[in-house]
Every structure is written in structure tokens, then in C-alpha cells.
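Dumped work.pdb below, it's PDB, C-alpha atoms:
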ATOM      1  CA  ALA A   1      -4.538 -10.889  14.947  1.00  0.00           C
ATOM      2  CA  GLN A   2      -6.167  -8.339  12.699  1.00  0.00           C
ATOM      3  CA  SER A   3      -7.844  -8.783   9.361  1.00  0.00           C
ATOM      4  CA  VAL A   4      -9.720  -6.809   6.760  1.00  0.00           C
ATOM      5  CA  THR A   5     -12.440  -8.036   4.420  1.00  0.00           C
ATOM      6  CA  GLN A   6     -13.449  -6.066   1.368  1.00  0.00           C
ATOM      7  CA  LEU A   7     -16.823  -7.457   0.467  1.00  0.00           C
ATOM      8  CA  ASP A   8     -16.782  -6.619  -3.235  1.00  0.00           C
ATOM      9  CA  SER A   9     -13.924  -7.346  -5.613  1.00  0.00           C
ATOM     10  CA  HIS A  10     -15.515  -5.205  -8.311  1.00  0.00           C
ATOM     11  CA  VAL A  11     -18.022  -2.340  -8.200  1.00  0.00           C
ATOM     12  CA  SER A  12     -19.446  -0.581 -11.237  1.00  0.00           C
ATOM     13  CA  VAL A  13     -21.326   2.722 -11.049  1.00  0.00           C
ATOM     14  CA  SER A  14     -22.477   5.349 -13.493  1.00  0.00           C
ATOM     15  CA  GLU A  15     -20.848   8.742 -13.448  1.00  0.00           C
ATOM     16  CA  GLY A  16     -22.715  11.072 -11.109  1.00  0.00           C
ATOM     17  CA  THR A  17     -24.169   8.279  -8.947  1.00  0.00           C
ATOM     18  CA  PRO A  18     -23.114   7.411  -5.387  1.00  0.00           C
ATOM     19  CA  VAL A  19     -20.213   5.130  -4.591  1.00  0.00           C
ATOM     20  CA  LEU A  20     -20.166   2.586  -1.767  1.00  0.00           C
ATOM     21  CA  LEU A  21     -17.135   0.379  -1.174  1.00  0.00           C
ATOM     22  CA  ARG A  22     -17.570  -1.972   1.753  1.00  0.00           C
ATOM     23  CA  CYS A  23     -14.965  -2.959   4.325  1.00  0.00           C
ATOM     24  CA  ASN A  24     -15.223  -4.988   7.511  1.00  0.00           C
ATOM     25  CA  TYR A  25     -12.405  -5.427   9.950  1.00  0.00           C
ATOM     26  CA  SER A  26     -11.431  -7.672  12.801  1.00  0.00           C
ATOM     27  CA  SER A  27      -9.168  -6.423  15.552  1.00  0.00           C
ATOM     28  CA  SER A  28      -8.301  -7.289  19.113  1.00  0.00           C
ATOM     29  CA  TYR A  29      -7.501  -3.680  19.884  1.00  0.00           C
ATOM     30  CA  SER A  30      -8.806  -0.273  18.878  1.00  0.00           C
ATOM     31  CA  PRO A  31      -7.700  -0.152  15.264  1.00  0.00           C
ATOM     32  CA  SER A  32      -6.451   2.566  13.000  1.00  0.00           C
ATOM     33  CA  LEU A  33      -8.086   2.180   9.597  1.00  0.00           C
ATOM     34  CA  PHE A  34      -7.240   3.636   6.215  1.00  0.00           C
ATOM     35  CA  TRP A  35      -8.490   3.735   2.666  1.00  0.00           C
ATOM     36  CA  TYR A  36      -5.929   3.950  -0.100  1.00  0.00           C
ATOM     37  CA  VAL A  37      -6.466   4.316  -3.854  1.00  0.00           C
ATOM     38  CA  GLN A  38      -4.209   2.918  -6.540  1.00  0.00           C
ATOM     39  CA  HIS A  39      -4.381   3.903 -10.184  1.00  0.00           C
ATOM     40  CA  PRO A  40      -2.832   1.519 -12.739  1.00  0.00           C
ATOM     41  CA  ASN A  41       0.930   1.142 -12.420  1.00  0.00           C
ATOM     42  CA  LYS A  42       1.044   3.706  -9.637  1.00  0.00           C
ATOM     43  CA  GLY A  43       1.737   3.661  -5.937  1.00  0.00           C
ATOM     44  CA  LEU A  44      -0.944   3.962  -3.273  1.00  0.00           C
ATOM     45  CA  GLN A  45      -2.414   7.309  -2.308  1.00  0.00           C
ATOM     46  CA  LEU A  46      -3.992   7.864   1.094  1.00  0.00           C
ATOM     47  CA  LEU A  47      -7.658   8.842   0.813  1.00  0.00           C
ATOM     48  CA  LEU A  48      -8.502   9.055   4.503  1.00  0.00           C
ATOM     49  CA  LYS A  49      -7.737   7.632   7.916  1.00  0.00           C
ATOM     50  CA  TYR A  50      -9.500   6.821  11.164  1.00  0.00           C
ATOM     51  CA  THR A  51      -7.432   6.957  14.349  1.00  0.00           C
ATOM     52  CA  SER A  52      -9.984   6.933  17.213  1.00  0.00           C
ATOM     53  CA  ALA A  53     -11.139  10.516  16.816  1.00  0.00           C
ATOM     54  CA  ALA A  54     -14.352  11.422  14.944  1.00  0.00           C
ATOM     55  CA  THR A  55     -16.089   8.347  13.567  1.00  0.00           C
ATOM     56  CA  LEU A  56     -17.063  10.106  10.330  1.00  0.00           C
ATOM     57  CA  VAL A  57     -13.892  10.800   8.448  1.00  0.00           C
ATOM     58  CA  LYS A  58     -13.639  13.065   5.436  1.00  0.00           C
ATOM     59  CA  GLY A  59     -10.890  12.523   2.926  1.00  0.00           C
ATOM     60  CA  ILE A  60      -9.645  13.856  -0.363  1.00  0.00           C
ATOM     61  CA  ASN A  61     -11.598  14.029  -3.626  1.00  0.00           C
ATOM     62  CA  GLY A  62     -14.969  14.028  -1.877  1.00  0.00           C
ATOM     63  CA  PHE A  63     -14.616  10.612  -0.241  1.00  0.00           C
ATOM     64  CA  GLU A  64     -15.624   9.878   3.313  1.00  0.00           C
ATOM     65  CA  ALA A  65     -15.909   6.844   5.571  1.00  0.00           C
ATOM     66  CA  GLU A  66     -17.688   6.055   8.802  1.00  0.00           C
ATOM     67  CA  PHE A  67     -16.192   3.913  11.524  1.00  0.00           C
ATOM     68  CA  LYS A  68     -18.919   1.746  13.082  1.00  0.00           C
ATOM     69  CA  LYS A  69     -17.576  -0.276  15.960  1.00  0.00           C
ATOM     70  CA  SER A  70     -20.833  -2.173  16.527  1.00  0.00           C
ATOM     71  CA  GLU A  71     -20.750  -3.391  12.936  1.00  0.00           C
ATOM     72  CA  THR A  72     -16.943  -3.599  12.664  1.00  0.00           C
ATOM     73  CA  SER A  73     -17.243  -1.704   9.417  1.00  0.00           C
ATOM     74  CA  PHE A  74     -15.434   1.152   7.701  1.00  0.00           C
ATOM     75  CA  HIS A  75     -17.266   1.639   4.413  1.00  0.00           C
ATOM     76  CA  LEU A  76     -16.058   4.217   1.880  1.00  0.00           C
ATOM     77  CA  THR A  77     -18.588   6.484   0.204  1.00  0.00           C
ATOM     78  CA  LYS A  78     -18.757   9.331  -2.272  1.00  0.00           C
ATOM     79  CA  PRO A  79     -21.966  11.142  -3.228  1.00  0.00           C
ATOM     80  CA  SER A  80     -21.209  11.446  -6.925  1.00  0.00           C
ATOM     81  CA  ALA A  81     -18.733   9.364  -8.895  1.00  0.00           C
ATOM     82  CA  HIS A  82     -16.399  10.877 -11.440  1.00  0.00           C
ATOM     83  CA  MET A  83     -14.646   9.104 -14.273  1.00  0.00           C
ATOM     84  CA  SER A  84     -11.308   9.838 -12.615  1.00  0.00           C
ATOM     85  CA  ASP A  85     -12.383   7.778  -9.582  1.00  0.00           C
ATOM     86  CA  ALA A  86     -11.962   4.556 -11.555  1.00  0.00           C
ATOM     87  CA  ALA A  87      -9.138   2.733  -9.737  1.00  0.00           C
ATOM     88  CA  GLU A  88      -8.349   0.023  -7.203  1.00  0.00           C
ATOM     89  CA  TYR A  89      -9.257   0.792  -3.594  1.00  0.00           C
ATOM     90  CA  PHE A  90      -7.698  -0.859  -0.559  1.00  0.00           C
ATOM     91  CA  CYS A  91      -9.035  -0.911   2.976  1.00  0.00           C
ATOM     92  CA  VAL A  92      -6.156  -1.222   5.423  1.00  0.00           C
ATOM     93  CA  VAL A  93      -5.819  -1.745   9.165  1.00  0.00           C
ATOM     94  CA  ILE A  94      -2.675  -1.103  11.090  1.00  0.00           C
ATOM     95  CA  ASN A  95      -1.429  -3.872  13.278  1.00  0.00           C
ATOM     96  CA  THR A  96      -0.198  -1.827  16.209  1.00  0.00           C
ATOM     97  CA  GLY A  97       1.017  -4.924  17.993  1.00  0.00           C
ATOM     98  CA  THR A  98       3.634  -5.789  15.383  1.00  0.00           C
ATOM     99  CA  ALA A  99       5.795  -2.823  14.511  1.00  0.00           C
ATOM    100  CA  SER A 100       3.180  -0.868  12.593  1.00  0.00           C
ATOM    101  CA  LYS A 101       2.677  -3.449   9.870  1.00  0.00           C
ATOM    102  CA  LEU A 102      -0.300  -2.877   7.651  1.00  0.00           C
ATOM    103  CA  THR A 103      -2.921  -5.521   6.925  1.00  0.00           C
ATOM    104  CA  PHE A 104      -4.459  -5.034   3.489  1.00  0.00           C
ATOM    105  CA  GLY A 105      -7.810  -5.994   2.150  1.00  0.00           C
ATOM    106  CA  THR A 106      -7.881  -7.749  -1.194  1.00  0.00           C
ATOM    107  CA  GLY A 107      -8.959  -4.597  -2.977  1.00  0.00           C
ATOM    108  CA  THR A 108     -12.066  -3.388  -4.797  1.00  0.00           C
ATOM    109  CA  ARG A 109     -11.874  -2.314  -8.399  1.00  0.00           C
ATOM    110  CA  LEU A 110     -14.171   0.626  -9.051  1.00  0.00           C
ATOM    111  CA  GLN A 111     -15.405   1.054 -12.590  1.00  0.00           C
ATOM    112  CA  VAL A 112     -17.176   4.282 -13.558  1.00  0.00           C
ATOM    113  CA  THR A 113     -19.256   4.297 -16.703  1.00  0.00           C
ATOM    114  CA  LEU A 114     -20.826   7.128 -18.674  1.00  0.00           C
TER     115      LEU A 114
ATOM    116  CA  GLY B 115       4.555  16.936   2.613  1.00  0.00           C
ATOM    117  CA  ALA B 116       5.300  13.238   3.205  1.00  0.00           C
ATOM    118  CA  VAL B 117       6.562  12.351  -0.247  1.00  0.00           C
ATOM    119  CA  VAL B 118       8.235   9.054  -1.022  1.00  0.00           C
ATOM    120  CA  SER B 119      10.046   8.516  -4.296  1.00  0.00           C
ATOM    121  CA  GLN B 120      11.363   5.406  -6.017  1.00  0.00           C
ATOM    122  CA  HIS B 121      13.952   4.937  -8.715  1.00  0.00           C
ATOM    123  CA  PRO B 122      13.792   3.578 -11.299  1.00  0.00           C
ATOM    124  CA  SER B 123      10.101   3.548 -12.175  1.00  0.00           C
ATOM    125  CA  TRP B 124      10.666   0.587 -14.450  1.00  0.00           C
ATOM    126  CA  VAL B 125      13.570  -1.694 -15.293  1.00  0.00           C
ATOM    127  CA  ILE B 126      14.140  -4.570 -17.678  1.00  0.00           C
ATOM    128  CA  CYS B 127      17.028  -6.927 -17.062  1.00  0.00           C
ATOM    129  CA  LYS B 128      18.383 -10.246 -18.200  1.00  0.00           C
ATOM    130  CA  SER B 129      18.016 -13.384 -16.127  1.00  0.00           C
ATOM    131  CA  GLY B 130      20.913 -13.814 -13.724  1.00  0.00           C
ATOM    132  CA  THR B 131      21.699 -10.132 -13.284  1.00  0.00           C
ATOM    133  CA  SER B 132      21.091  -8.008 -10.190  1.00  0.00           C
ATOM    134  CA  VAL B 133      18.865  -4.963  -9.960  1.00  0.00           C
ATOM    135  CA  LYS B 134      18.862  -2.220  -7.339  1.00  0.00           C
ATOM    136  CA  ILE B 135      15.751  -0.205  -6.491  1.00  0.00           C
ATOM    137  CA  GLU B 136      15.977   2.966  -4.422  1.00  0.00           C
ATOM    138  CA  CYS B 137      13.350   4.334  -2.048  1.00  0.00           C
ATOM    139  CA  ARG B 138      13.715   7.854  -0.682  1.00  0.00           C
ATOM    140  CA  SER B 139      11.713   9.901   1.777  1.00  0.00           C
ATOM    141  CA  LEU B 140      11.991  13.395   0.308  1.00  0.00           C
ATOM    142  CA  ASP B 141      10.739  15.644   3.095  1.00  0.00           C
ATOM    143  CA  PHE B 142      10.994  13.597   6.270  1.00  0.00           C
ATOM    144  CA  GLN B 143      13.303  11.187   7.993  1.00  0.00           C
ATOM    145  CA  ALA B 144      12.270   7.577   8.191  1.00  0.00           C
ATOM    146  CA  THR B 145      13.881   5.166  10.618  1.00  0.00           C
ATOM    147  CA  THR B 146      11.690   2.438   9.175  1.00  0.00           C
ATOM    148  CA  MET B 147      10.700   1.774   5.599  1.00  0.00           C
ATOM    149  CA  PHE B 148       8.692  -1.083   4.161  1.00  0.00           C
ATOM    150  CA  TRP B 149       9.071  -3.039   0.928  1.00  0.00           C
ATOM    151  CA  TYR B 150       6.081  -4.630  -0.772  1.00  0.00           C
ATOM    152  CA  ARG B 151       5.560  -6.764  -3.807  1.00  0.00           C
ATOM    153  CA  GLN B 152       2.399  -6.701  -5.871  1.00  0.00           C
ATOM    154  CA  PHE B 153       1.347  -9.223  -8.489  1.00  0.00           C
ATOM    155  CA  PRO B 154      -1.176  -8.249 -11.179  1.00  0.00           C
ATOM    156  CA  LYS B 155      -4.690  -7.718  -9.886  1.00  0.00           C
ATOM    157  CA  GLN B 156      -3.629  -8.611  -6.344  1.00  0.00           C
ATOM    158  CA  SER B 157      -3.092  -6.793  -3.097  1.00  0.00           C
ATOM    159  CA  LEU B 158       0.278  -5.799  -1.702  1.00  0.00           C
ATOM    160  CA  MET B 159       2.435  -8.383   0.030  1.00  0.00           C
ATOM    161  CA  LEU B 160       4.863  -7.159   2.663  1.00  0.00           C
ATOM    162  CA  MET B 161       8.336  -8.454   1.929  1.00  0.00           C
ATOM    163  CA  ALA B 162      10.419  -6.837   4.632  1.00  0.00           C
ATOM    164  CA  THR B 163      10.776  -4.021   7.109  1.00  0.00           C
ATOM    165  CA  SER B 164      13.879  -1.936   6.564  1.00  0.00           C
ATOM    166  CA  ASN B 165      15.448  -0.452   9.695  1.00  0.00           C
ATOM    167  CA  GLU B 166      17.988   2.364   9.496  1.00  0.00           C
ATOM    168  CA  GLY B 167      21.365   1.239  10.733  1.00  0.00           C
ATOM    169  CA  SER B 168      20.393  -2.358  11.362  1.00  0.00           C
ATOM    170  CA  LYS B 169      19.356  -5.505   9.571  1.00  0.00           C
ATOM    171  CA  ALA B 170      16.048  -5.724   7.792  1.00  0.00           C
ATOM    172  CA  THR B 171      13.292  -7.938   9.098  1.00  0.00           C
ATOM    173  CA  TYR B 172      11.976 -10.289   6.440  1.00  0.00           C
ATOM    174  CA  GLU B 173       8.533 -11.804   6.255  1.00  0.00           C
ATOM    175  CA  GLN B 174       8.165 -15.547   6.271  1.00  0.00           C
ATOM    176  CA  GLY B 175       8.925 -17.060   2.900  1.00  0.00           C
ATOM    177  CA  VAL B 176      10.967 -14.120   1.605  1.00  0.00           C
ATOM    178  CA  GLU B 177      14.567 -15.050   0.804  1.00  0.00           C
ATOM    179  CA  LYS B 178      16.842 -12.539   2.501  1.00  0.00           C
ATOM    180  CA  ASP B 179      19.821 -13.550   0.358  1.00  0.00           C
ATOM    181  CA  LYS B 180      17.856 -12.899  -2.801  1.00  0.00           C
ATOM    182  CA  PHE B 181      16.247  -9.632  -1.769  1.00  0.00           C
ATOM    183  CA  LEU B 182      19.001  -7.591  -0.141  1.00  0.00           C
ATOM    184  CA  ILE B 183      17.857  -4.546   1.772  1.00  0.00           C
ATOM    185  CA  ASN B 184      20.097  -1.724   2.915  1.00  0.00           C
ATOM    186  CA  HIS B 185      18.900   1.270   4.931  1.00  0.00           C
ATOM    187  CA  ALA B 186      22.073   3.287   5.269  1.00  0.00           C
ATOM    188  CA  SER B 187      20.524   6.673   5.967  1.00  0.00           C
ATOM    189  CA  LEU B 188      17.331   8.134   7.374  1.00  0.00           C
ATOM    190  CA  THR B 189      16.071   8.991   3.892  1.00  0.00           C
ATOM    191  CA  LEU B 190      17.206   6.091   1.738  1.00  0.00           C
ATOM    192  CA  SER B 191      16.504   2.386   1.600  1.00  0.00           C
ATOM    193  CA  THR B 192      17.548   0.126  -1.252  1.00  0.00           C
ATOM    194  CA  LEU B 193      16.254  -3.244  -2.404  1.00  0.00           C
ATOM    195  CA  THR B 194      18.573  -5.330  -4.544  1.00  0.00           C
ATOM    196  CA  VAL B 195      17.133  -8.303  -6.367  1.00  0.00           C
ATOM    197  CA  THR B 196      20.100 -10.608  -6.827  1.00  0.00           C
ATOM    198  CA  SER B 197      20.408 -13.129  -9.640  1.00  0.00           C
ATOM    199  CA  ALA B 198      17.008 -12.165 -10.921  1.00  0.00           C
ATOM    200  CA  HIS B 199      14.814 -14.697 -12.683  1.00  0.00           C
ATOM    201  CA  PRO B 200      11.585 -14.258 -14.644  1.00  0.00           C
ATOM    202  CA  GLU B 201       9.517 -15.229 -11.605  1.00  0.00           C
ATOM    203  CA  ASP B 202      10.913 -12.156  -9.825  1.00  0.00           C
ATOM    204  CA  SER B 203       9.126  -9.951 -12.348  1.00  0.00           C
ATOM    205  CA  SER B 204       6.674  -7.876 -10.364  1.00  0.00           C
ATOM    206  CA  PHE B 205       5.709  -4.427  -9.146  1.00  0.00           C
ATOM    207  CA  TYR B 206       7.767  -3.414  -6.114  1.00  0.00           C
ATOM    208  CA  ILE B 207       6.529  -0.630  -3.838  1.00  0.00           C
ATOM    209  CA  CYS B 208       8.112   0.961  -0.795  1.00  0.00           C
ATOM    210  CA  SER B 209       6.547   3.007   1.975  1.00  0.00           C
ATOM    211  CA  ALA B 210       7.508   5.006   5.028  1.00  0.00           C
ATOM    212  CA  THR B 211       5.837   6.682   7.988  1.00  0.00           C
ATOM    213  CA  PRO B 212       6.783  10.222   9.007  1.00  0.00           C
ATOM    214  CA  PRO B 213       7.538  10.791  12.701  1.00  0.00           C
ATOM    215  CA  GLY B 214       4.387  11.222  14.757  1.00  0.00           C
ATOM    216  CA  ARG B 215       2.111   9.799  12.075  1.00  0.00           C
ATOM    217  CA  VAL B 216       0.485   6.365  11.867  1.00  0.00           C
ATOM    218  CA  GLU B 217      -0.243   6.172   8.164  1.00  0.00           C
ATOM    219  CA  GLN B 218       2.280   4.977   5.627  1.00  0.00           C
ATOM    220  CA  PHE B 219       3.108   6.964   2.512  1.00  0.00           C
ATOM    221  CA  PHE B 220       3.895   4.959  -0.568  1.00  0.00           C
ATOM    222  CA  GLY B 221       6.336   5.412  -3.393  1.00  0.00           C
ATOM    223  CA  PRO B 222       5.123   5.276  -7.000  1.00  0.00           C
ATOM    224  CA  GLY B 223       6.417   1.747  -7.459  1.00  0.00           C
ATOM    225  CA  THR B 224       9.006   0.058  -9.681  1.00  0.00           C
ATOM    226  CA  ARG B 225       8.019  -2.341 -12.439  1.00  0.00           C
ATOM    227  CA  LEU B 226      10.675  -5.058 -12.778  1.00  0.00           C
ATOM    228  CA  THR B 227      10.690  -7.288 -15.828  1.00  0.00           C
ATOM    229  CA  VAL B 228      13.235 -10.095 -16.000  1.00  0.00           C
ATOM    230  CA  LEU B 229      13.767 -11.604 -19.422  1.00  0.00           C
TER     231      LEU B 229
END
Target encoding C-alpha cells, full file:
Amino acid sequence: AQSVTQLDSHVSVSEGTPVLLRCNYSSSYSPSLFWYVQHPNKGLQLLLKYTSAATLVKGINGFEAEFKKSETSFHLTKPSAHMSDAAEYFCVVINTGTASKLTFGTGTRLQVTL
Amino acid sequence: GAVVSQHPSWVICKSGTSVKIECRSLDFQATTMFWYRQFPKQSLMLMATSNEGSKATYEQGVEKDKFLINHASLTLSTLTVTSAHPEDSSFYICSATPPGRVEQFFGPGTRLTVL
């Protein structure tokens, strides 16, 4: 079985400061991991993905994440937050053993203040 | 590329009526599509896996006779909420994976409100 734990339900940062959204995973196999962003009343947009290639993954809008197998972590970072980054972020692992079903974290709401 | 659309984006209906939601992959063919439900301030819950040309696979606890899924072509899956009740009000999202990719691409979602 696979699982994902997002350690913070809510993160608040000031505009221009770094962002850190934490995610830990549990997997019996080598996982594929994703970060998605969801703005209010919208679908999910893929930010970045890890699929067993480079452990430091760069995504869209200046986000990146590092896969650390020893820590079973896949934290999302951005050097400088922008007001438009305010949204809900989901860490997701693919369950390759069951027809490509996704396992979602509970989400982290990012608030960006002036 | 890899765009998924949904129609309608929102719908309001009376209790007891049926509502159909469409999910289309615009620039790729999808043998499998997924339907999710999302309650306010919660994560997505997988309802069913839609398979082109065959029956959908429903997750435990999801009523297959209430949530009818049809995947008649490689670019279209439909979810019909039959005899809708207020408790069916929710945000419904579909997704699909292009051939050769592992990530899912999501539609913009459909907000269903049952009065």
C-alpha cells in the first residue's frame, strides 16, 4: 500500500519570502510522485513530477521539489512567493500496482500575504 | 498539449432529476479516465475508473446505479448522476493520462448543486 502525508494543512508566507510545503510518502515500490496545485473552483494543474530520474525536479512557476529516498520526502519549494501562488497544493503518489490510481495527500493551503 | 475539458462547469438541478457531466480529452486518446468527487476543503476522492468500451470500475462505497459512467469513445467519458439528491451536491472532477505518460491531467471540474 502507498500513502502520502502532507505535514501542514495551512502555510502562510509573506510575498517575496521562500515557500516550503512538506510531503512524506510511504511506498513498497519505487514511487512516482507529483505536486498539483488547485485554485478555488478549478481543476488540478500539474506543477512537477518525479519518475526515478533526477532527484531534484524543476516545475512550472518557479517551483521545485527534491526526492529524498532516505527521508521518504518530496518537499515542494519556491524561492520567492507571489500573491498568485495562493492556492491548495496536493502531493500525490501513483499506485503503480493498482491500475495507475493516484493516492492524494490531504492538501496544504498556501496563503500569501503582503 | 494534454488538455482535458469538462461540461458543464456548473449545474443546478432539482432533487430527483438526473444530470450528465461530460469529460473530454481534447488532444490525446484516453483508454482510461478517472472520476473524482471533492467536498469543500477536502482532497479528491476517486469514485471510479472509466474504461473505453467496457464497464467502469467503481471504488468501494460508490453506488454504480446512482453514478452511471459511460466511456463510449477514446476521447469522451460521461458521468450521469441519477435521481440526484442534495447530498450529491459536490465538485466533480475527471482526469486522464496520455499514452506513454504517468501523470494524470485534470479537467476544470463541474460544480453540481441539487436543490
Test item: chain A residues at most 7 Å from chain B, counting only C-alpha atoms, as a VMD selection string: chain A and resid 42 to 45 104 106 to 107
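What separates CA of Thr17 (chain A) from CA of Tyr89 (chain A) is a distance of 17.5 Å.
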Result set of the PyMOL selection byres ((chain A and resi 81) around 12) on the coordinates above, as a VMD selection string: chain A and resid 11 to 21 61 to 63 77 to 80 82 to 87 110 to 114
So for region 59-71 of chain A, what box centre and size do we get, axis-aligned, 4 Å extra on each of the six sides, every listed atom, Å to one decimal, as lines of an AutoDock Vina configuration file?
center_x = -15.2
center_y = 5.3
center_z = 6.5
size_x = 19.2
size_y = 25.4
size_z = 28.2
Within 9 Å of region 25-38 of chain A using all atoms listed in the file, minus same-chain residues under 3 positions, as an MDAnalysis selection string: (chainID A and resid 1:6 41:52 65 67 72:74 76 85 87:97) or (chainID B and resid 216:217)
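Take the candidates B:Val133, B:Gln152, B:Met147, B:Phe181 and check each one against Asn165 (chain B) using all atoms listed in the file; the shortest distance goes to B:Met147.
Reported to one decimal place, the separation of CA of Asn184 (chain B) from CA of Tyr150 (chain B) is 14.8 Å.
Take CA of Leu7 (chain A) and CA of Leu102 (chain A): the distance between them is 18.6 Å.
Minimum atom-to-atom distance to Pro122 (chain B), evaluated using only C-alpha atoms, belongs to B:Ile135 out of B:Ser164, B:Ile135, B:Leu190, B:Thr227.
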Expansion of the PyMOL selection byres ((chain B and resi 166) around 7) into residues, as a ChimeraX atom specification: /B:145-146,164-165,167-168,185-188
Residues returned when the PyMOL selection byres ((chain B and resi 182) around 7) runs on this file, as an MDAnalysis selection string: chainID B and resid 178:181 183:184 193:195
Exercise: Met161 (chain B) partners within 8 Å, all atoms listed in the file, chain neighbours under 3 positions left out, as an MDAnalysis selection string: chainID B and resid 148:151 172:173 176
